[in-house]
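Peer 1: Can you read through this structure? Questions will come right after.
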Amino acid sequence: MTIVPMFRSLLRTVSGLLMLVMATLGRGVLPGAAAQPAGTVRFDQVTRPVAAITDPQDIQFLLDALFIVPQQDEVPERVEVIDITNNGYGPDDILVVYPSQEAFMIDPLAISDEVQQFMNSWALEADFQVDSGPVPAQAFDPENYTLQQAEYAILYDLMRSIERNYNAAPISLRFERTNAGFTMQMWEYQPEAMRYVPPPPAEPDTLIQRDVIHIVRSDSVLYDMLYLYHVIEETEYIPEAAISAGFVPGRPENRPATPAPAQNAGTPARRETSGNDGHDR
């Protein structure tokens with residue numbers, strides 16, 4: 001009758017020692033070791049997969065199978081297993097119990113085949129993930145994809161911005177946004193390689209029509225360009241006799257631009273006059 005309480009007490013003691021060792025290692029100071037100067041500490045961040053278990057039966061199965069007894073009397077609501085070794089869930093990973101937030105290192109001797117098989121069923125569920133070699137941003141142009149175009153557009157714009165403003169290879173980014181705000185962090189990059197380069201101007205959305213005149217002079221070919229800003233149309237009636245003689249009379253100064261057509265006055269001829277940017281041909 002007294003074996004179970006003694007065993008539980010032993011587990012609590014071992015768990016407390018593990019937490020003390022983990023906390024000491026987390027501060028980077030071992031008992032009896034001198035503290036290192038602040039300048040020798042190198043800042044870094046890592047991301048690790050985390051499996052969250054909320055089913056009460058699965059939680060109890062893991063705690064019993066791994067011989068983990070939380071010190072708090074609160075009923076565990078959630079258990080998180082952190083793949084701290086980044087080689088799949090299993091030995092030497094960290095298990096955190098909530099809401100007490102107690103952390104335990106998973107003993108390799110405590111993992112049975114049944115527990116390992118249960119952990120192997122956990123998979124990283126990233127909605128969008130791209131792992132690639134050193135390729136240019138153009139490889140992720142969203143116009144080249146039919147699925148997840150919005151996701152590829154974000155990656156495409158991010159990579160183009162990095163290529164334009166950062167002339168080096170190593171860089172780490174973290175961006176997270178919630179309803180309360182967002183956080184943006186950059187580390188492991190070379191500040192001297194950062195240089196702001198403005199993005200290229202956007203392509204105009206206005207269609208400009210141009211008239212190209214092709215002039216041939218002996219052994220040379222010249223091109224000139226006219227910009228059409230407005231077009232004026234008018235109709236003049238020229239006598240048949242004048243057309244036959246090759247004569248086109250000008251319009252009198254007191255004649256309106258668009259006179260009323262006279263019946264059987266002659267053959268109508270259409271003339272267009274274009275304004276330009278000063279080039280006359």
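Following the order of the structure tokens, chains are lettered A, B, ..., residues in each are numbered from 1, and ligands are numbered from 1.
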List every residue of stretch 26-201 of chain A that DSSP, applied to the backbone of this structure, assigns to strand (DSSP E), and report them as an MDAnalysis selection string.
Peer 2: chainID A and resid 50:53 78:82 94:98 102:105 172:178 181:187
Peer 1: Can those selected residues be exported to a file as a compact mmCIF listing (two decimals), in the first residue's frame so that it contains C-alpha atoms?
Peer 2:
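This went into selection_1.txt:
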```txt
# COMPACT_ATOMS: atom_id res chain seq x y z
CA VAL A 50 5.29 21.38 -31.28
CA ALA A 51 2.53 18.77 -30.97
CA ALA A 52 -0.39 19.84 -28.76
CA ILE A 53 -2.54 17.08 -27.24
CA ARG A 78 -3.20 20.34 -22.58
CA VAL A 79 0.15 18.68 -23.16
CA GLU A 80 2.72 19.95 -25.64
CA VAL A 81 5.61 17.86 -26.90
CA ILE A 82 8.44 19.96 -28.33
CA ILE A 94 10.49 18.20 -23.94
CA LEU A 95 6.95 17.66 -22.66
CA VAL A 96 5.11 20.65 -21.15
CA VAL A 97 1.95 20.26 -19.07
CA TYR A 98 -0.66 23.03 -18.98
CA GLU A 102 5.73 22.17 -15.91
CA ALA A 103 8.39 20.92 -18.31
CA PHE A 104 9.80 17.38 -18.40
CA MET A 105 12.50 15.81 -20.51
CA SER A 172 16.75 34.97 -40.51
CA LEU A 173 13.27 36.45 -40.35
CA ARG A 174 10.23 36.05 -38.14
CA PHE A 175 6.91 37.69 -38.80
CA GLU A 176 3.74 37.02 -36.86
CA ARG A 177 0.46 38.94 -36.92
CA THR A 178 -2.61 38.59 -34.76
CA GLY A 181 -0.81 43.50 -33.61
CA PHE A 182 2.29 42.01 -35.17
CA THR A 183 5.96 41.34 -34.51
CA MET A 184 8.81 41.50 -37.01
CA GLN A 185 12.31 40.29 -36.15
CA MET A 186 15.53 39.94 -38.16
CA TRP A 187 18.77 38.40 -36.97
```
Peer 1: What lies within 12 Å of A:Pro91 using only C-alpha atoms, ignoring chain neighbours under 5 positions off, as number ranges by chain?
Peer 2: A: 66, 81-86, 104-113, 115-116, 119
Peer 1: Please write the residues from the selection above to a file, keeping N, CA, C and O atoms, as a compact mmCIF listing (two decimals), in the first residue's frame.
Peer 2:
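The new file selection17.txt reads:
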```txt
# COMPACT_ATOMS: atom_id res chain seq x y z
N LEU A 66 5.05 7.58 -19.91
CA LEU A 66 6.36 8.21 -19.77
C LEU A 66 6.74 8.43 -18.31
O LEU A 66 7.77 9.06 -18.04
N VAL A 81 4.33 18.56 -26.73
CA VAL A 81 5.61 17.86 -26.90
C VAL A 81 6.42 18.64 -27.92
O VAL A 81 6.00 18.80 -29.07
N ILE A 82 7.58 19.13 -27.49
CA ILE A 82 8.44 19.96 -28.33
C ILE A 82 9.56 19.09 -28.89
O ILE A 82 10.30 18.45 -28.13
N ASP A 83 9.67 19.07 -30.20
CA ASP A 83 10.74 18.30 -30.85
C ASP A 83 12.04 19.10 -30.75
O ASP A 83 12.53 19.67 -31.72
N ILE A 84 12.59 19.13 -29.55
CA ILE A 84 13.76 19.97 -29.29
C ILE A 84 14.98 19.50 -30.06
O ILE A 84 15.86 20.29 -30.41
N THR A 85 15.07 18.21 -30.35
CA THR A 85 16.20 17.67 -31.10
C THR A 85 16.04 17.83 -32.60
O THR A 85 16.96 17.56 -33.35
N ASN A 86 14.84 18.20 -33.03
CA ASN A 86 14.55 18.45 -34.44
C ASN A 86 14.81 17.22 -35.31
O ASN A 86 15.24 17.33 -36.45
N PHE A 104 9.13 18.65 -18.70
CA PHE A 104 9.80 17.38 -18.40
C PHE A 104 10.56 16.93 -19.64
O PHE A 104 10.06 17.05 -20.76
N MET A 105 11.76 16.42 -19.42
CA MET A 105 12.50 15.81 -20.51
C MET A 105 12.09 14.35 -20.63
O MET A 105 12.04 13.62 -19.64
N ILE A 106 11.83 13.91 -21.86
CA ILE A 106 11.35 12.55 -22.08
C ILE A 106 12.53 11.58 -21.99
O ILE A 106 13.52 11.70 -22.74
N ASP A 107 12.44 10.66 -21.08
CA ASP A 107 13.49 9.67 -20.86
C ASP A 107 13.48 8.64 -21.99
O ASP A 107 12.44 8.05 -22.29
N PRO A 108 14.60 8.40 -22.66
CA PRO A 108 14.62 7.40 -23.73
C PRO A 108 14.20 6.01 -23.26
O PRO A 108 13.61 5.25 -24.03
N LEU A 109 14.49 5.67 -21.99
CA LEU A 109 14.15 4.35 -21.49
C LEU A 109 12.65 4.21 -21.24
O LEU A 109 12.16 3.08 -21.08
N ALA A 110 11.94 5.33 -21.19
CA ALA A 110 10.51 5.27 -20.90
C ALA A 110 9.65 5.15 -22.15
O ALA A 110 8.44 4.95 -22.04
N ILE A 111 10.25 5.28 -23.32
CA ILE A 111 9.47 5.24 -24.55
C ILE A 111 9.35 3.80 -25.03
O ILE A 111 10.34 3.16 -25.38
N SER A 112 8.13 3.31 -25.04
CA SER A 112 7.86 1.97 -25.55
C SER A 112 7.52 2.06 -27.04
O SER A 112 7.38 3.15 -27.60
N ASP A 113 7.39 0.91 -27.66
CA ASP A 113 7.02 0.89 -29.09
C ASP A 113 5.65 1.52 -29.30
O ASP A 113 5.41 2.19 -30.31
N VAL A 115 4.26 3.93 -27.49
CA VAL A 115 4.36 5.39 -27.37
C VAL A 115 5.03 5.98 -28.61
O VAL A 115 4.60 7.01 -29.14
N GLN A 116 6.11 5.34 -29.09
CA GLN A 116 6.80 5.85 -30.25
C GLN A 116 5.91 5.83 -31.49
O GLN A 116 5.93 6.75 -32.32
N MET A 119 3.63 8.76 -31.28
CA MET A 119 4.30 10.01 -31.62
C MET A 119 4.57 10.11 -33.11
O MET A 119 4.56 11.22 -33.68
```
Peer 1: Could you check which of A:Gln45, A:Gln148, A:Ala139, A:Tyr89 is closest to A:Phe118, using only C-alpha atoms?
Peer 2: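 Smallest separation from A:Phe118 among the options: A:Tyr89.
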Peer 1: Just give me the gap between atom CA of A:Leu147 and atom CA of A:Gln129 in Å, one decimal is fine.
Peer 2: 13.2 Å
Peer 1: Among the residues of stretch 52-115 of chain A, find those DSSP assigns to helix (DSSP H, G or I) from the backbone and print them as a list in words.
Peer 2: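 The helix (DSSP H, G or I) subset of stretch 52-115 of chain A is Pro56, Gln57, Asp58, Ile59, Gln60, Phe61, Leu62, Leu63, Asp64, Ala65, Pro108, Leu109, Ala110, Asp113, Glu114 and Val115 of chain A.
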Peer 1: Can you pull out the residues contacting A:Asp44? Cut-off 8 Å, using only C-alpha atoms, and skip same-chain residues under 2 positions away; I want them as a VMD selection string.
Peer 2: chain A and resid 42 46 187 to 188
Peer 1: I'd like to know which of A:Arg48, A:Asp131, A:Tyr189, A:Glu114 is closest to A:Leu62, using only C-alpha atoms.
Peer 2: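 Distance minimum relative to A:Leu62 lands on A:Glu114.
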